[in-house]
Amino acid sequence: MKTVFGFALLGLLLFVPTLLLLPLMPPNGVRAAAGWKHGFVASANLLVRGMSGVLISMATIASVSVSDLREGLTRLPLPGIVSAIVVQIVHQTATLFYETKRVASAMAVRGASGGGRAAWQVLWSLPRVWLPRIVDRADRVADAMELRGYCEGEALSLRSSRMRAADWAALALALAVLGLAVVIRGRGVT
Amino acid sequence: MSEPALAFRNVSVCYESSAARTLSDVSFSVAAGERVALLGLNGSGKTTLLKSAVGLVPHEGEIRVGDTVLARQTLPKIRERIGFLFNVPEDQILFPRVADDVAFALVRQGRPRDEISARATEVLHSLGIGHLAESPVHHLSHGQKQRVALAGALVAVPKLLLLDEPSAGLDPPGKNVLAHLLAGLDAAMLIATHDLAFATRLCTRFIMLERGRVAFDGTDTAEVLRDWE
C-alpha cells in the first residue's frame, strides 16, 4: 500500500508540469474558443488517465509475487523456454537490485557517498568493477540453469492452483469493468 | 567389484582464456558411498575439477560417473545422478520462493505433487530451515541461502554429491547439522573445501590439489594436516 501510494505521489509530481503548462499553450482546432478552460480540462484528462495507468500497474506489481508471475506465464500457451527466461530475468533483476543496494551501502561505508573527489573516483571505477561482476554472475547462473535443467521442461509451483473466493471476486470485478468500458465506448458519454 | 561413483582418468582442463592448464593429468576415483575431501589452495583447480565432472568445462581424458562415460550425449543422464552445490549459493537458486527452488529437481522428474511437497518439506526440515519454505529467497542470509541450495541438491537423493565449499558461511551449529546430515547419507561425496575441521570430521579420504595436479591422495589425516600447514 505504501509503495502504491508513493508511486501515486511520484506520478502526480510528474504530471504537474503538464498540468501547469498546457493552459499556457496556444489553443487550436475547433475548441479554440474554450481557451484556458479547455486547456485545464485536457491536462486534467491526461492526469487522470495517466495516473490510472500508473496506479493499476503499481497495484498489479505490488499484488503479484514473482512466483505467481511464473505460475501465470508457465500456464500461458507460450513456448516453455520463453516463460522460463522471462521469469529468470525478473528473478535476476531482483538479485541485481539487492546487489546494487549492497554496492551503495559499501560506497556509503567507505565514504564515497558524500560527494567530492572520492565519490567521483568510485563512480568512475564502478562500471569496470561491477560490470565484469555481473557478467561473471551471468555465466555462473547460466551454468546452474544448464546443470539443473531449468529450461528443459515445465516448472510449476507446488502451491495449489485452485481458484479461491478472492480470485473469483477479482475476476468478476475485472469482467464488470471491462463490460462497463465496452458500454461506455459504444454509447459515448454525454 | 562395483563401479566407482566417479572416476577421473588422465583428465586435463585448459580454459580458452589461459594458456596454462587448470587441471593437468588428474586421475582418481571415488567409490560408491565414499566421502572424499578435495583440498587445495585458492586457484588450485578444485572448482574446475567439480565443474568438469558435470560437463560444465571441456576436458581431455576420461570422466566416468558410475558406468557412464561423460560425453555430450550422456550429459542429461549423468546430471540427473549428481547433486551439485556451487560455491556461491545465490547463483544456483533459480526460483524466488524457497519451496519452489528446493522442489525443482523433483518437478522435472514429473513426480506427483504430494510426494514432491512432502519430500521438499522433509529436506528443508532436515537442514533446519523448514520454517523458510514460503520465504522469498532475497530475504535470506548467506547461510540460509547456502542451506536452500544444498536442499535443492539433496532433494532428489542423488547417488553422487559434488559440493563446493558446503560449510562456507555457516555458523558452528549449522556446520554441525550439515556434517551430521551428510554423514547420514548413502551417496558418494566429493567435497571441495578449505575447512579442514569439517573435512576431517566428515571424510575418510583426502585429495590435495596443487596447481591443477594431485599432490596427495590418502587417508592419513596427520599427513594432510602437516601438508596443509
# chains A, B, ... in the order shown; residues from 1 in each chain; ligands from 1
call {"tool": "interface_residues", "arguments": {"of": "chain B", "to": "chain A", "cutoff": "8 Å", "atoms": "only C-alpha atoms", "output": "list of chain:residue names"}}
result
B:Val54, B:Leu56, B:Arg79, B:Phe86, B:Asp91, B:Gln92, B:Leu94, B:Phe95, B:Pro96, B:Arg97, B:Ala99, B:Asp100, B:Ala103, B:Phe104, B:Ala105, B:Val107, B:Arg108, B:Arg113, B:Ile116, B:Ser117, B:His138
call {"tool": "write_last_selection", "arguments": {"atoms": "C-alpha atoms", "output": "PDB file, in the first residue's frame"}}
result
ATOM      1  CA  VAL B  54      29.300 -32.442 -14.772  1.00  0.00           C
ATOM      2  CA  LEU B  56      30.456 -27.539 -17.428  1.00  0.00           C
ATOM      3  CA  ARG B  79      23.499 -34.758 -14.339  1.00  0.00           C
ATOM      4  CA  PHE B  86      28.058 -24.219  -6.333  1.00  0.00           C
ATOM      5  CA  ASP B  91      23.852 -18.365  -8.359  1.00  0.00           C
ATOM      6  CA  GLN B  92      22.084 -21.699  -8.320  1.00  0.00           C
ATOM      7  CA  LEU B  94      16.570 -20.091  -9.718  1.00  0.00           C
ATOM      8  CA  PHE B  95      13.233 -19.502  -8.047  1.00  0.00           C
ATOM      9  CA  PRO B  96      12.036 -16.685  -5.827  1.00  0.00           C
ATOM     10  CA  ARG B  97      10.327 -18.938  -3.293  1.00  0.00           C
ATOM     11  CA  ALA B  99       9.988 -24.364  -1.577  1.00  0.00           C
ATOM     12  CA  ASP B 100       9.795 -23.967  -5.371  1.00  0.00           C
ATOM     13  CA  ALA B 103      11.382 -28.962  -5.255  1.00  0.00           C
ATOM     14  CA  PHE B 104      12.580 -28.203  -8.769  1.00  0.00           C
ATOM     15  CA  ALA B 105      14.574 -31.401  -9.391  1.00  0.00           C
ATOM     16  CA  VAL B 107       9.157 -31.369 -10.529  1.00  0.00           C
ATOM     17  CA  ARG B 108      11.434 -32.011 -13.515  1.00  0.00           C
ATOM     18  CA  ARG B 113       2.745 -33.045  -6.322  1.00  0.00           C
ATOM     19  CA  ILE B 116       7.227 -33.501  -4.132  1.00  0.00           C
ATOM     20  CA  SER B 117       5.814 -31.315  -1.430  1.00  0.00           C
ATOM     21  CA  HIS B 138      16.076 -12.474  -1.420  1.00  0.00           C
TER      22      HIS B 138
END
call {"tool": "residues_around", "arguments": {"residues": "Lys159 (chain B)", "least_positions_apart": "4", "cutoff": "9 Å", "atoms": "only C-alpha atoms", "output": "ChimeraX atom specification"}}
result
/B:5,32-33,81-83,186-189
call {"tool": "write_last_selection", "arguments": {"atoms": "C-alpha atoms", "output": "PDB file, in the first residue's frame"}}
result
ATOM      1  CA  ALA B   5      30.678 -43.483  -8.305  1.00  0.00           C
ATOM      2  CA  ALA B  32      30.140 -45.742  -4.051  1.00  0.00           C
ATOM      3  CA  GLY B  33      29.269 -44.290  -0.645  1.00  0.00           C
ATOM      4  CA  ARG B  81      22.517 -38.687 -10.879  1.00  0.00           C
ATOM      5  CA  ILE B  82      24.502 -35.842  -9.344  1.00  0.00           C
ATOM      6  CA  GLY B  83      23.675 -33.281  -6.678  1.00  0.00           C
ATOM      7  CA  ASP B 186      24.453 -43.102   1.381  1.00  0.00           C
ATOM      8  CA  ALA B 187      25.664 -41.013  -1.532  1.00  0.00           C
ATOM      9  CA  ALA B 188      29.304 -40.804  -2.562  1.00  0.00           C
ATOM     10  CA  MET B 189      30.685 -37.313  -1.991  1.00  0.00           C
TER      11      MET B 189
END
call {"tool": "residues_around", "arguments": {"residues": "Glu90 (chain B)", "least_positions_apart": "6", "cutoff": "8 Å", "atoms": "only C-alpha atoms", "output": "PyMOL selection string"}}
result
chain B and resi 145-146+149
